[in-house]
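*Asks:* My file is target.tsv. It has TSV, C-alpha atoms:
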chain	number	residue	atom	x	y	z
A	753	MET	CA	160.81	83.20	161.12
A	754	LEU	CA	157.94	82.63	163.57
A	755	ALA	CA	156.41	80.04	161.26
A	756	ILE	CA	159.71	78.14	161.09
A	757	ILE	CA	160.01	78.11	164.89
A	758	THR	CA	156.41	76.92	165.25
A	759	ILE	CA	156.93	74.04	162.81
A	760	PHE	CA	159.43	72.55	165.27
A	761	PHE	CA	156.85	72.51	168.07
A	762	PRO	CA	157.43	68.81	168.93
A	763	VAL	CA	161.15	69.52	169.31
A	764	TRP	CA	160.52	72.39	171.74
A	765	ALA	CA	158.01	70.30	173.69
A	766	ILE	CA	160.51	67.47	174.13
A	767	ALA	CA	163.40	69.82	174.92
A	768	CYS	CA	161.45	71.76	177.55
A	769	SER	CA	160.17	68.52	179.05
A	770	VAL	CA	163.76	67.31	179.48
A	771	VAL	CA	164.77	70.61	181.08
A	772	ALA	CA	161.75	70.54	183.42
A	773	PHE	CA	162.53	66.95	184.38
A	774	CYS	CA	166.16	67.79	185.20
A	775	PHE	CA	165.43	71.14	186.88
A	776	PRO	CA	161.83	70.95	188.14
A	777	HIS	CA	161.78	73.61	190.86
A	778	PRO	CA	161.35	76.76	188.69
A	779	PHE	CA	158.54	75.10	186.76
A	780	VAL	CA	156.77	73.81	189.87
A	781	LEU	CA	156.44	77.43	190.99
A	782	LEU	CA	154.51	78.16	187.79
A	783	LYS	CA	151.71	75.67	188.58
A	784	PRO	CA	149.08	78.45	189.13
A	785	SER	CA	149.64	79.63	185.54
A	786	ILE	CA	148.32	76.42	183.90
A	787	VAL	CA	144.71	77.58	183.69
A	788	PRO	CA	145.54	81.17	182.54
A	789	LEU	CA	147.81	79.74	179.84
A	790	LEU	CA	145.06	77.44	178.58
A	791	THR	CA	142.62	80.34	178.63
A	792	PHE	CA	145.02	82.33	176.46
A	793	ILE	CA	145.27	79.46	173.96
A	794	MET	CA	141.49	79.29	173.62
A	795	PHE	CA	141.32	83.07	173.26
A	796	SER	CA	143.92	82.89	170.49
A	797	MET	CA	141.83	80.25	168.73
A	798	GLY	CA	138.82	82.56	168.94
A	799	LEU	CA	140.82	85.33	167.29
A	800	THR	CA	141.25	83.14	164.20
A	801	LEU	CA	137.51	82.42	163.85
A	802	THR	CA	134.62	84.33	162.28
A	803	PRO	CA	130.86	83.75	162.17
A	804	ALA	CA	131.44	82.16	158.76
A	805	ASP	CA	133.22	79.29	160.53
A	806	PHE	CA	130.02	78.53	162.42
A	807	ARG	CA	127.97	78.62	159.23
A	808	ARG	CA	130.43	76.31	157.49
A	809	ALA	CA	129.52	73.57	159.95
A	810	LEU	CA	126.04	73.44	158.43
A	811	THR	CA	127.46	72.49	155.02
A	812	ARG	CA	129.07	69.28	156.31
A	813	PRO	CA	126.76	68.00	159.06
A	814	LYS	CA	127.37	64.31	158.30
A	815	ALA	CA	131.17	64.58	158.48
A	816	MET	CA	131.06	66.68	161.63
A	817	GLY	CA	128.53	64.42	163.30
A	818	LEU	CA	130.58	61.32	162.54
A	819	GLY	CA	133.82	62.84	163.80
A	820	VAL	CA	132.36	64.15	167.05
A	821	ALA	CA	130.43	60.92	167.69
A	822	VAL	CA	133.53	58.74	167.19
A	823	GLN	CA	135.55	61.08	169.36
A	824	TYR	CA	133.21	61.16	172.32
A	825	ILE	CA	132.10	57.52	172.14
A	826	MET	CA	135.30	55.69	171.24
A	827	MET	CA	138.08	57.78	172.81
A	828	PRO	CA	136.92	57.75	176.46
A	829	ALA	CA	136.01	54.06	176.21
A	830	ALA	CA	139.41	53.24	174.71
A	831	ALA	CA	141.16	55.29	177.41
A	832	TYR	CA	139.35	53.45	180.19
A	833	TRP	CA	139.84	49.91	178.87
A	834	LEU	CA	143.46	50.46	177.83
A	835	SER	CA	144.18	51.76	181.34
A	836	ARG	CA	142.56	48.71	182.90
A	837	LEU	CA	144.30	46.26	180.57
A	838	LEU	CA	147.69	47.83	181.36
A	839	GLY	CA	146.95	47.84	185.09
A	840	LEU	CA	147.37	51.57	185.62
A	841	PRO	CA	146.66	52.90	189.12
A	842	GLY	CA	143.41	54.77	189.78
A	843	ASP	CA	144.81	58.31	189.46
A	844	LEU	CA	146.32	57.49	186.06
A	845	VAL	CA	143.01	55.95	184.92
A	846	VAL	CA	141.35	59.26	185.78
A	847	GLY	CA	143.96	61.15	183.75
A	848	MET	CA	143.56	58.84	180.75
A	849	VAL	CA	139.77	59.13	180.84
A	850	LEU	CA	140.00	62.92	181.06
A	851	VAL	CA	142.22	63.01	177.97
A	852	GLY	CA	139.80	60.72	176.16
A	853	SER	CA	136.79	62.83	177.17
A	854	VAL	CA	137.94	66.30	176.15
A	855	ALA	CA	137.47	68.06	172.82
A	856	GLY	CA	139.72	67.91	169.80
A	857	GLY	CA	142.98	69.80	170.21
A	858	THR	CA	143.67	73.09	168.48
A	859	ALA	CA	146.97	71.72	167.13
A	860	SER	CA	144.86	69.42	164.93
A	861	ASN	CA	144.08	72.36	162.65
A	862	VAL	CA	147.76	72.87	161.85
A	863	ILE	CA	148.39	69.13	161.41
A	864	THR	CA	145.35	68.89	159.10
A	865	TYR	CA	146.82	71.63	156.93
A	866	LEU	CA	150.18	69.85	156.73
A	867	ALA	CA	148.42	66.54	155.97
A	868	LYS	CA	146.52	68.09	153.03
A	869	GLY	CA	143.21	67.63	154.83
A	870	ASP	CA	140.15	69.88	154.95
A	871	VAL	CA	141.23	72.75	157.19
A	872	ALA	CA	137.81	74.44	157.29
A	873	LEU	CA	136.21	71.19	158.41
A	874	SER	CA	138.95	70.73	161.01
A	875	ILE	CA	138.32	74.15	162.52
A	876	THR	CA	134.55	73.67	162.69
A	877	MET	CA	134.90	70.18	164.17
A	878	THR	CA	137.28	71.49	166.82
A	879	LEU	CA	134.85	74.30	167.58
A	880	LEU	CA	131.85	71.98	167.83
A	881	SER	CA	133.60	69.42	170.02
A	882	THR	CA	134.92	72.24	172.22
A	883	LEU	CA	131.44	73.68	172.76
A	884	LEU	CA	130.02	70.22	173.43
A	885	SER	CA	132.79	69.52	175.94
A	886	VAL	CA	131.12	71.89	178.38
A	887	LEU	CA	128.40	69.28	178.85
A	888	VAL	CA	130.02	66.06	177.67
A	889	THR	CA	133.43	65.99	179.39
A	890	PRO	CA	132.28	66.19	183.03
A	891	TYR	CA	129.65	63.51	182.59
A	892	LEU	CA	131.84	61.15	180.58
A	893	THR	CA	134.38	61.40	183.39
A	894	LEU	CA	131.64	60.71	185.90
A	895	LEU	CA	130.43	57.75	183.85
A	896	TYR	CA	133.81	56.04	183.65
A	897	VAL	CA	135.49	56.87	186.97
A	898	GLY	CA	132.73	58.27	189.16
A	899	GLN	CA	132.10	54.97	190.90
A	900	THR	CA	135.57	54.85	192.42
A	901	VAL	CA	136.74	58.47	192.28
A	902	PRO	CA	134.62	61.48	193.30
A	903	VAL	CA	134.02	63.56	190.17
A	904	PRO	CA	132.78	67.14	190.76
A	905	ALA	CA	130.87	67.21	187.46
A	906	SER	CA	129.08	70.51	188.07
A	907	ALA	CA	132.27	72.29	189.11
A	908	MET	CA	134.11	70.81	186.13
A	909	LEU	CA	131.35	72.01	183.81
A	910	LEU	CA	131.68	75.53	185.17
A	911	SER	CA	135.47	75.40	184.84
A	912	ILE	CA	135.27	74.32	181.20
A	913	ALA	CA	132.87	77.16	180.51
A	914	LYS	CA	135.34	79.62	182.05
A	915	MET	CA	138.45	78.13	180.40
A	916	VAL	CA	136.97	77.36	176.98
A	917	VAL	CA	133.70	79.05	176.06
A	918	ILE	CA	134.28	82.52	177.50
A	919	PRO	CA	137.80	83.02	176.07
A	920	LEU	CA	136.75	81.47	172.75
A	921	LEU	CA	133.78	83.81	172.37
A	922	SER	CA	135.88	86.74	173.57
A	923	GLY	CA	138.43	86.04	170.87
A	924	LEU	CA	135.66	85.79	168.28
A	925	PHE	CA	134.29	89.16	169.39
A	926	ILE	CA	137.70	90.85	169.30
A	927	ASN	CA	138.31	89.35	165.85
A	928	ARG	CA	135.11	90.96	164.62
A	929	VAL	CA	136.00	94.33	166.19
A	930	LEU	CA	139.54	94.38	164.77
A	931	GLY	CA	138.52	93.40	161.25
A	932	GLU	CA	141.43	93.61	158.82
A	933	ARG	CA	143.68	95.00	161.57
A	934	ARG	CA	143.90	91.49	163.07
A	935	GLN	CA	146.31	90.56	160.25
A	936	ARG	CA	149.05	92.35	162.15
A	937	ILE	CA	148.77	89.99	165.11
A	938	GLU	CA	147.76	86.76	163.32
A	939	PRO	CA	151.36	85.65	162.57
A	940	TRP	CA	152.10	85.76	166.30
A	941	LEU	CA	149.13	83.66	167.44
A	942	PRO	CA	150.46	80.17	166.51
A	943	PHE	CA	153.84	81.04	168.02
A	944	LEU	CA	152.40	82.39	171.28
A	945	SER	CA	150.00	79.44	171.56
A	946	MET	CA	152.93	77.07	171.06
A	947	VAL	CA	154.87	78.82	173.84
A	948	ALA	CA	151.86	78.51	176.13
A	949	ILE	CA	151.37	74.81	175.37
A	950	VAL	CA	155.06	74.01	175.80
A	951	THR	CA	155.06	75.87	179.13
A	952	ILE	CA	152.05	73.87	180.36
A	953	ILE	CA	153.79	70.62	179.36
A	954	ALA	CA	156.98	71.64	181.18
A	955	ILE	CA	155.08	72.55	184.36
A	956	VAL	CA	153.26	69.22	184.41
A	957	VAL	CA	156.46	67.27	183.79
A	958	ALA	CA	158.12	69.11	186.69
A	959	LEU	CA	155.16	68.43	188.99
A	960	ASN	CA	155.39	64.74	188.13
A	961	GLN	CA	159.15	64.26	188.05
A	962	ALA	CA	159.13	61.55	190.71
A	963	ASN	CA	156.08	59.83	189.22
A	964	LEU	CA	157.64	59.79	185.75
A	965	THR	CA	160.58	57.73	186.95
A	966	GLN	CA	158.22	55.14	188.44
A	967	VAL	CA	155.34	54.85	185.97
A	968	GLY	CA	156.47	56.95	183.01
A	969	PRO	CA	157.16	54.11	180.51
A	970	LEU	CA	153.78	52.48	181.11
A	971	VAL	CA	152.00	55.82	180.65
A	972	PHE	CA	153.83	56.34	177.37
A	973	VAL	CA	152.64	52.93	176.16
A	974	ALA	CA	149.03	53.76	177.13
A	975	VAL	CA	149.16	57.18	175.46
A	976	ILE	CA	150.76	55.87	172.25
A	977	LEU	CA	148.16	53.11	171.97
A	978	HIS	CA	145.31	55.53	172.73
A	979	ASN	CA	146.48	58.11	170.21
A	980	GLY	CA	147.06	55.44	167.55
A	981	PHE	CA	143.61	53.99	168.17
A	982	GLY	CA	142.02	57.42	167.71
A	983	LEU	CA	143.84	58.12	164.46
A	984	GLY	CA	143.03	54.66	163.10
A	985	VAL	CA	139.37	54.45	164.10
A	986	GLY	CA	138.72	58.01	162.89
A	987	TYR	CA	140.14	57.28	159.44
A	988	ALA	CA	138.48	53.88	159.17
A	989	ALA	CA	135.05	55.18	160.19
A	990	ALA	CA	135.20	57.98	157.64
A	991	ARG	CA	136.21	55.66	154.81
A	992	LEU	CA	133.58	53.06	155.76
A	993	VAL	CA	130.75	55.56	155.36
A	994	GLY	CA	132.11	56.75	152.02
A	995	PHE	CA	134.01	59.97	152.71
A	996	ASP	CA	136.97	60.81	150.47
A	997	ILE	CA	140.60	60.66	151.59
A	998	LYS	CA	140.78	64.39	152.41
A	999	ILE	CA	137.85	64.27	154.82
A	1000	ALA	CA	138.99	60.92	156.25
A	1001	ARG	CA	142.39	62.41	157.10
A	1002	THR	CA	140.69	65.36	158.77
A	1003	ILE	CA	138.40	63.20	160.91
A	1004	ALA	CA	141.31	60.91	161.86
A	1005	ILE	CA	143.38	63.84	163.09
A	1006	GLU	CA	140.46	65.43	164.93
A	1007	VAL	CA	139.65	62.18	166.74
A	1008	GLY	CA	143.27	61.28	167.53
A	1009	MET	CA	144.51	64.69	168.65
A	1010	GLN	CA	142.82	65.62	171.90
A	1011	ASN	CA	142.84	68.92	173.78
A	1012	SER	CA	145.19	67.39	176.33
A	1013	GLY	CA	145.98	70.81	177.76
A	1014	LEU	CA	142.39	71.03	178.96
A	1015	GLY	CA	142.71	67.52	180.41
A	1016	VAL	CA	145.82	68.62	182.29
A	1017	ALA	CA	144.13	71.77	183.58
A	1018	LEU	CA	141.09	69.86	184.83
A	1019	ALA	CA	143.21	67.13	186.39
A	1020	SER	CA	145.41	69.68	188.17
A	1021	GLN	CA	142.34	71.40	189.62
A	1022	TYR	CA	140.26	68.43	190.72
A	1023	PHE	CA	142.44	65.35	191.07
A	1024	ALA	CA	145.82	64.14	192.33
A	1025	PRO	CA	149.01	65.40	190.59
A	1026	LEU	CA	149.51	61.94	189.09
A	1027	SER	CA	146.28	62.40	187.11
A	1028	THR	CA	147.90	65.17	185.07
A	1029	LEU	CA	150.59	62.84	183.75
A	1030	PRO	CA	148.64	61.22	180.85
A	1031	GLY	CA	147.65	64.65	179.55
A	1032	ALA	CA	151.24	65.87	179.70
A	1033	VAL	CA	152.55	62.82	177.84
A	1034	PHE	CA	149.70	63.05	175.32
A	1035	SER	CA	150.56	66.73	174.69
A	1036	ILE	CA	154.04	65.68	173.61
A	1037	TRP	CA	153.23	62.49	171.74
A	1038	HIS	CA	150.17	63.49	169.68
A	1039	ASN	CA	152.10	66.36	168.12
A	1040	ILE	CA	154.97	64.05	167.23
A	1041	SER	CA	152.68	61.37	165.78
A	1042	GLY	CA	150.58	64.00	164.01
A	1043	SER	CA	153.65	65.57	162.42
A	1044	ILE	CA	154.90	62.17	161.25
A	1045	LEU	CA	151.47	61.28	159.84
A	1046	ALA	CA	151.18	64.64	158.08
A	1047	GLY	CA	154.55	64.08	156.43
A	1048	PHE	CA	153.54	60.59	155.33
A	1049	TRP	CA	150.21	61.77	153.88
A	1050	GLY	CA	151.88	64.74	152.21
A	1051	ARG	CA	154.28	62.41	150.41
A	1052	ALA	CA	151.48	59.93	149.64
A	1053	ASP	CA	149.64	62.61	147.67
A	1054	HIS	CA	152.41	62.59	145.08
A	1055	LYS	CA	152.01	58.83	144.68
A	1056	GLY	CA	148.22	58.66	144.73
A	1057	GLY	CA	148.23	56.94	148.14
A	1058	TYR	CA	146.18	57.25	151.29
As a first step, turn the structure in this file into structure tokens.
*Replies:*
Amino acid sequence: MLAIITIFFPVWAIACSVVAFCFPHPFVLLKPSIVPLLTFIMFSMGLTLTPADFRRALTRPKAMGLGVAVQYIMMPAAAYWLSRLLGLPGDLVVGMVLVGSVAGGTASNVITYLAKGDVALSITMTLLSTLLSVLVTPYLTLLYVGQTVPVPASAMLLSIAKMVVIPLLSGLFINRVLGERRQRIEPWLPFLSMVAIVTIIAIVVALNQANLTQVGPLVFVAVILHNGFGLGVGYAAARLVGFDIKIARTIAIEVGMQNSGLGVALASQYFAPLSTLPGAVFSIWHNISGSILAGFWGRADHKGGY
């Protein structure tokens, strides 16, 4: 039952966003819970990992290196130039760059499974990009928007360590302590993580209700183009260097599906409320596009397609 509910994650995200837009006040009051909710999601991810996941990264260094390089080189650059080409205001440029500069999203692991990709590679890529984000995200943000917007890179670095690394390692430790007993809680983790993500999205939508009516459509265009660019360039890069379809799908999803929840959390802490809007929209859209792509690739397997 929980698995069935979780499959419809994009539906719940859209539904809760509509509710938060129409009745924002209760969700606005929940703003302080954004960071704790993200921390819980990262802890849940840690509970699904073992030391073997770290070792697995060593067996595919070329694929992991390509995926992470494309993600951290192309995605922030695309976010910045798309924002400028569309004429987005400064606060929205910051939000777009933050989304482009964070690690791969944890939802990518589920989408990779549905798309018949390499799930083990997906998990290790997400883990590597998440660990690298502690150093990379603050300084990419500084590089692209630091000239016009003050970027507290050191404080952001510390925040990422608290929100990502500590809960991730804590989950890994608890996983090791629990051993086989973790199987009793594993079915609940995707469901609870989904609830946490949907709640974060709803809070951000409520905080930006007025802004959505003014700049919402343009942000959607920017996010859709950015997400599509990531999926496309990830797949193309993998195929160009000779990886098979399974690995290419995995890299495409990892590059295109960002940890937008982290982008939202950082934006809410350090920048104007408007800066959280791209992350909120990305949280909704990349799960919809990922689900559609997974369905397409799943059907393509029966026809020998891409």
*Asks:* Show me, as a CSV table (one decimal) with C-alpha atoms, in the frame of the given file, the residues that have an atom within 8 Å of stretch 1032-1046 of chain A when counting only C-alpha atoms, minus same-chain residues fewer than 4 positions from it.
*Replies:*
chain,number,residue,atom,x,y,z
A,761,PHE,CA,156.8,72.5,168.1
A,762,PRO,CA,157.4,68.8,168.9
A,765,ALA,CA,158.0,70.3,173.7
A,766,ILE,CA,160.5,67.5,174.1
A,851,VAL,CA,142.2,63.0,178.0
A,859,ALA,CA,147.0,71.7,167.1
A,860,SER,CA,144.9,69.4,164.9
A,863,ILE,CA,148.4,69.1,161.4
A,864,THR,CA,145.4,68.9,159.1
A,866,LEU,CA,150.2,69.8,156.7
A,867,ALA,CA,148.4,66.5,156.0
A,868,LYS,CA,146.5,68.1,153.0
A,953,ILE,CA,153.8,70.6,179.4
A,956,VAL,CA,153.3,69.2,184.4
A,957,VAL,CA,156.5,67.3,183.8
A,971,VAL,CA,152.0,55.8,180.6
A,972,PHE,CA,153.8,56.3,177.4
A,975,VAL,CA,149.2,57.2,175.5
A,976,ILE,CA,150.8,55.9,172.2
A,979,ASN,CA,146.5,58.1,170.2
A,1005,ILE,CA,143.4,63.8,163.1
A,1008,GLY,CA,143.3,61.3,167.5
A,1009,MET,CA,144.5,64.7,168.6
A,1010,GLN,CA,142.8,65.6,171.9
A,1012,SER,CA,145.2,67.4,176.3
A,1013,GLY,CA,146.0,70.8,177.8
A,1016,VAL,CA,145.8,68.6,182.3
A,1028,THR,CA,147.9,65.2,185.1
A,1050,GLY,CA,151.9,64.7,152.2
*Asks:* Report, in Å to a single decimal, how far apart atom CA of A:Phe995 and atom CA of A:Leu850 are.
*Replies:* 29.1 Å
*Asks:* To one decimal place in Å, what is the distance between atom CA of A:Leu799 and atom CA of A:Arg936?
*Replies:*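 Pair atom CA of A:Leu799 / atom CA of A:Arg936 returns 12.0 Å.
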*Asks:* For A:Gly819, which residue among A:Asn963, A:Thr802, A:Ser881, A:Asn861 is the nearest when counting only C-alpha atoms?
*Replies:* A:Ser881
*Asks:* Just give me the gap between atom CA of A:Pro813 and atom CA of A:Ser874 in Å, one decimal is fine.
*Replies:*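 Separation of atom CA of A:Pro813 and atom CA of A:Ser874: 12.6 Å.
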*Asks:* If you count only C-alpha atoms, which residues fall within 12 Å of A:Gly984, apart from same-chain ones fewer than 3 positions away, as a PyMOL selection string?
*Replies:* chain A and resi 822-823+826-827+977-981+987-991+1000-1009+1045
*Asks:* Pick from A:Gln961, A:Thr800, A:Ser945, A:Ser769: nearest to A:Glu932, with all atoms listed in the file counted?
*Replies:*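 Among the listed residues, the smallest separation from A:Glu932 belongs to A:Thr800.
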*Asks:* Between A:Gly842, A:Arg934, A:Thr951, A:Gly857, single out the one closest to A:Leu782, counting all atoms listed in the file.
*Replies:* A:Thr951
*Asks:* For stretch 842-878 of chain A, which lacks atoms in the input, supply N, CA and C atoms and format the output as a PDB file, keeping the file's coordinate frame.
*Replies:*
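Contents of the output file rebuild_24.pdb:
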ATOM      1  N   GLY A 842     144.632  53.990 189.906  1.00  0.00           N
ATOM      2  CA  GLY A 842     143.410  54.770 189.780  1.00  0.00           C
ATOM      3  C   GLY A 842     143.600  56.197 189.304  1.00  0.00           C
ATOM      4  N   ASP A 843     144.601  56.910 189.850  1.00  0.00           N
ATOM      5  CA  ASP A 843     144.810  58.310 189.460  1.00  0.00           C
ATOM      6  C   ASP A 843     145.193  58.432 187.991  1.00  0.00           C
ATOM      7  N   LEU A 844     145.947  57.466 187.474  1.00  0.00           N
ATOM      8  CA  LEU A 844     146.320  57.490 186.060  1.00  0.00           C
ATOM      9  C   LEU A 844     145.126  57.133 185.172  1.00  0.00           C
ATOM     10  N   VAL A 845     144.238  56.262 185.664  1.00  0.00           N
ATOM     11  CA  VAL A 845     143.010  55.950 184.920  1.00  0.00           C
ATOM     12  C   VAL A 845     142.186  57.225 184.760  1.00  0.00           C
ATOM     13  N   VAL A 846     142.078  57.990 185.830  1.00  0.00           N
ATOM     14  CA  VAL A 846     141.350  59.260 185.780  1.00  0.00           C
ATOM     15  C   VAL A 846     141.958  60.175 184.720  1.00  0.00           C
ATOM     16  N   GLY A 847     143.289  60.292 184.717  1.00  0.00           N
ATOM     17  CA  GLY A 847     143.960  61.150 183.750  1.00  0.00           C
ATOM     18  C   GLY A 847     143.743  60.692 182.321  1.00  0.00           C
ATOM     19  N   MET A 848     143.795  59.374 182.092  1.00  0.00           N
ATOM     20  CA  MET A 848     143.560  58.840 180.750  1.00  0.00           C
ATOM     21  C   MET A 848     142.120  59.110 180.297  1.00  0.00           C
ATOM     22  N   VAL A 849     141.167  58.894 181.185  1.00  0.00           N
ATOM     23  CA  VAL A 849     139.770  59.130 180.840  1.00  0.00           C
ATOM     24  C   VAL A 849     139.519  60.607 180.548  1.00  0.00           C
ATOM     25  N   LEU A 850     140.142  61.485 181.322  1.00  0.00           N
ATOM     26  CA  LEU A 850     140.000  62.920 181.060  1.00  0.00           C
ATOM     27  C   LEU A 850     140.510  63.271 179.675  1.00  0.00           C
ATOM     28  N   VAL A 851     141.670  62.741 179.304  1.00  0.00           N
ATOM     29  CA  VAL A 851     142.220  63.010 177.970  1.00  0.00           C
ATOM     30  C   VAL A 851     141.281  62.471 176.889  1.00  0.00           C
ATOM     31  N   GLY A 852     140.709  61.298 177.132  1.00  0.00           N
ATOM     32  CA  GLY A 852     139.800  60.720 176.160  1.00  0.00           C
ATOM     33  C   GLY A 852     138.457  61.417 176.077  1.00  0.00           C
ATOM     34  N   SER A 853     138.116  62.217 177.094  1.00  0.00           N
ATOM     35  CA  SER A 853     136.790  62.830 177.170  1.00  0.00           C
ATOM     36  C   SER A 853     136.757  64.294 176.782  1.00  0.00           C
ATOM     37  N   VAL A 854     137.923  64.884 176.501  1.00  0.00           N
ATOM     38  CA  VAL A 854     137.940  66.300 176.150  1.00  0.00           C
ATOM     39  C   VAL A 854     137.770  66.481 174.643  1.00  0.00           C
ATOM     40  N   ALA A 855     137.684  67.730 174.230  1.00  0.00           N
ATOM     41  CA  ALA A 855     137.470  68.060 172.820  1.00  0.00           C
ATOM     42  C   ALA A 855     138.721  67.810 171.991  1.00  0.00           C
ATOM     43  N   GLY A 856     138.574  67.980 170.687  1.00  0.00           N
ATOM     44  CA  GLY A 856     139.720  67.910 169.800  1.00  0.00           C
ATOM     45  C   GLY A 856     140.685  69.044 170.096  1.00  0.00           C
ATOM     46  N   GLY A 857     141.969  68.793 169.907  1.00  0.00           N
ATOM     47  CA  GLY A 857     142.980  69.800 170.210  1.00  0.00           C
ATOM     48  C   GLY A 857     143.137  70.824 169.092  1.00  0.00           C
ATOM     49  N   THR A 858     143.505  72.036 169.469  1.00  0.00           N
ATOM     50  CA  THR A 858     143.670  73.090 168.480  1.00  0.00           C
ATOM     51  C   THR A 858     144.848  72.825 167.545  1.00  0.00           C
ATOM     52  N   ALA A 859     145.830  72.056 167.990  1.00  0.00           N
ATOM     53  CA  ALA A 859     146.970  71.720 167.130  1.00  0.00           C
ATOM     54  C   ALA A 859     146.524  70.884 165.931  1.00  0.00           C
ATOM     55  N   SER A 860     145.354  70.256 166.030  1.00  0.00           N
ATOM     56  CA  SER A 860     144.860  69.420 164.930  1.00  0.00           C
ATOM     57  C   SER A 860     144.638  70.231 163.670  1.00  0.00           C
ATOM     58  N   ASN A 861     144.314  71.517 163.821  1.00  0.00           N
ATOM     59  CA  ASN A 861     144.080  72.360 162.650  1.00  0.00           C
ATOM     60  C   ASN A 861     145.354  72.538 161.834  1.00  0.00           C
ATOM     61  N   VAL A 862     146.475  72.720 162.530  1.00  0.00           N
ATOM     62  CA  VAL A 862     147.760  72.870 161.850  1.00  0.00           C
ATOM     63  C   VAL A 862     148.180  71.553 161.204  1.00  0.00           C
ATOM     64  N   ILE A 863     148.023  70.451 161.943  1.00  0.00           N
ATOM     65  CA  ILE A 863     148.390  69.130 161.410  1.00  0.00           C
ATOM     66  C   ILE A 863     147.531  68.784 160.202  1.00  0.00           C
ATOM     67  N   THR A 864     146.239  69.139 160.243  1.00  0.00           N
ATOM     68  CA  THR A 864     145.350  68.890 159.100  1.00  0.00           C
ATOM     69  C   THR A 864     145.837  69.631 157.866  1.00  0.00           C
ATOM     70  N   TYR A 865     146.281  70.855 158.055  1.00  0.00           N
ATOM     71  CA  TYR A 865     146.820  71.630 156.930  1.00  0.00           C
ATOM     72  C   TYR A 865     148.047  70.952 156.336  1.00  0.00           C
ATOM     73  N   LEU A 866     148.953  70.504 157.199  1.00  0.00           N
ATOM     74  CA  LEU A 866     150.180  69.850 156.730  1.00  0.00           C
ATOM     75  C   LEU A 866     149.874  68.506 156.067  1.00  0.00           C
ATOM     76  N   ALA A 867     148.789  67.849 156.511  1.00  0.00           N
ATOM     77  CA  ALA A 867     148.420  66.540 155.970  1.00  0.00           C
ATOM     78  C   ALA A 867     147.551  66.649 154.721  1.00  0.00           C
ATOM     79  N   LYS A 868     147.359  67.853 154.220  1.00  0.00           N
ATOM     80  CA  LYS A 868     146.520  68.090 153.030  1.00  0.00           C
ATOM     81  C   LYS A 868     145.076  67.649 153.280  1.00  0.00           C
ATOM     82  N   GLY A 869     144.596  67.917 154.506  1.00  0.00           N
ATOM     83  CA  GLY A 869     143.210  67.630 154.830  1.00  0.00           C
ATOM     84  C   GLY A 869     142.322  68.825 154.579  1.00  0.00           C
ATOM     85  N   ASP A 870     141.112  68.792 155.106  1.00  0.00           N
ATOM     86  CA  ASP A 870     140.150  69.880 154.950  1.00  0.00           C
ATOM     87  C   ASP A 870     140.236  70.777 156.180  1.00  0.00           C
ATOM     88  N   VAL A 871     140.956  71.882 156.041  1.00  0.00           N
ATOM     89  CA  VAL A 871     141.230  72.750 157.190  1.00  0.00           C
ATOM     90  C   VAL A 871     139.952  73.390 157.723  1.00  0.00           C
ATOM     91  N   ALA A 872     139.072  73.824 156.841  1.00  0.00           N
ATOM     92  CA  ALA A 872     137.810  74.440 157.290  1.00  0.00           C
ATOM     93  C   ALA A 872     137.000  73.453 158.115  1.00  0.00           C
ATOM     94  N   LEU A 873     136.934  72.214 157.658  1.00  0.00           N
ATOM     95  CA  LEU A 873     136.210  71.190 158.410  1.00  0.00           C
ATOM     96  C   LEU A 873     136.888  70.942 159.757  1.00  0.00           C
ATOM     97  N   SER A 874     138.206  70.933 159.775  1.00  0.00           N
ATOM     98  CA  SER A 874     138.950  70.730 161.010  1.00  0.00           C
ATOM     99  C   SER A 874     138.615  71.802 162.044  1.00  0.00           C
ATOM    100  N   ILE A 875     138.605  73.043 161.603  1.00  0.00           N
ATOM    101  CA  ILE A 875     138.320  74.150 162.520  1.00  0.00           C
ATOM    102  C   ILE A 875     136.903  74.036 163.082  1.00  0.00           C
ATOM    103  N   THR A 876     135.926  73.748 162.210  1.00  0.00           N
ATOM    104  CA  THR A 876     134.550  73.670 162.690  1.00  0.00           C
ATOM    105  C   THR A 876     134.321  72.463 163.592  1.00  0.00           C
ATOM    106  N   MET A 877     135.003  71.346 163.296  1.00  0.00           N
ATOM    107  CA  MET A 877     134.900  70.180 164.170  1.00  0.00           C
ATOM    108  C   MET A 877     135.497  70.464 165.534  1.00  0.00           C
ATOM    109  N   THR A 878     136.650  71.122 165.554  1.00  0.00           N
ATOM    110  CA  THR A 878     137.280  71.490 166.820  1.00  0.00           C
ATOM    111  C   THR A 878     136.359  72.408 167.621  1.00  0.00           C
TER     112      THR A 878
END
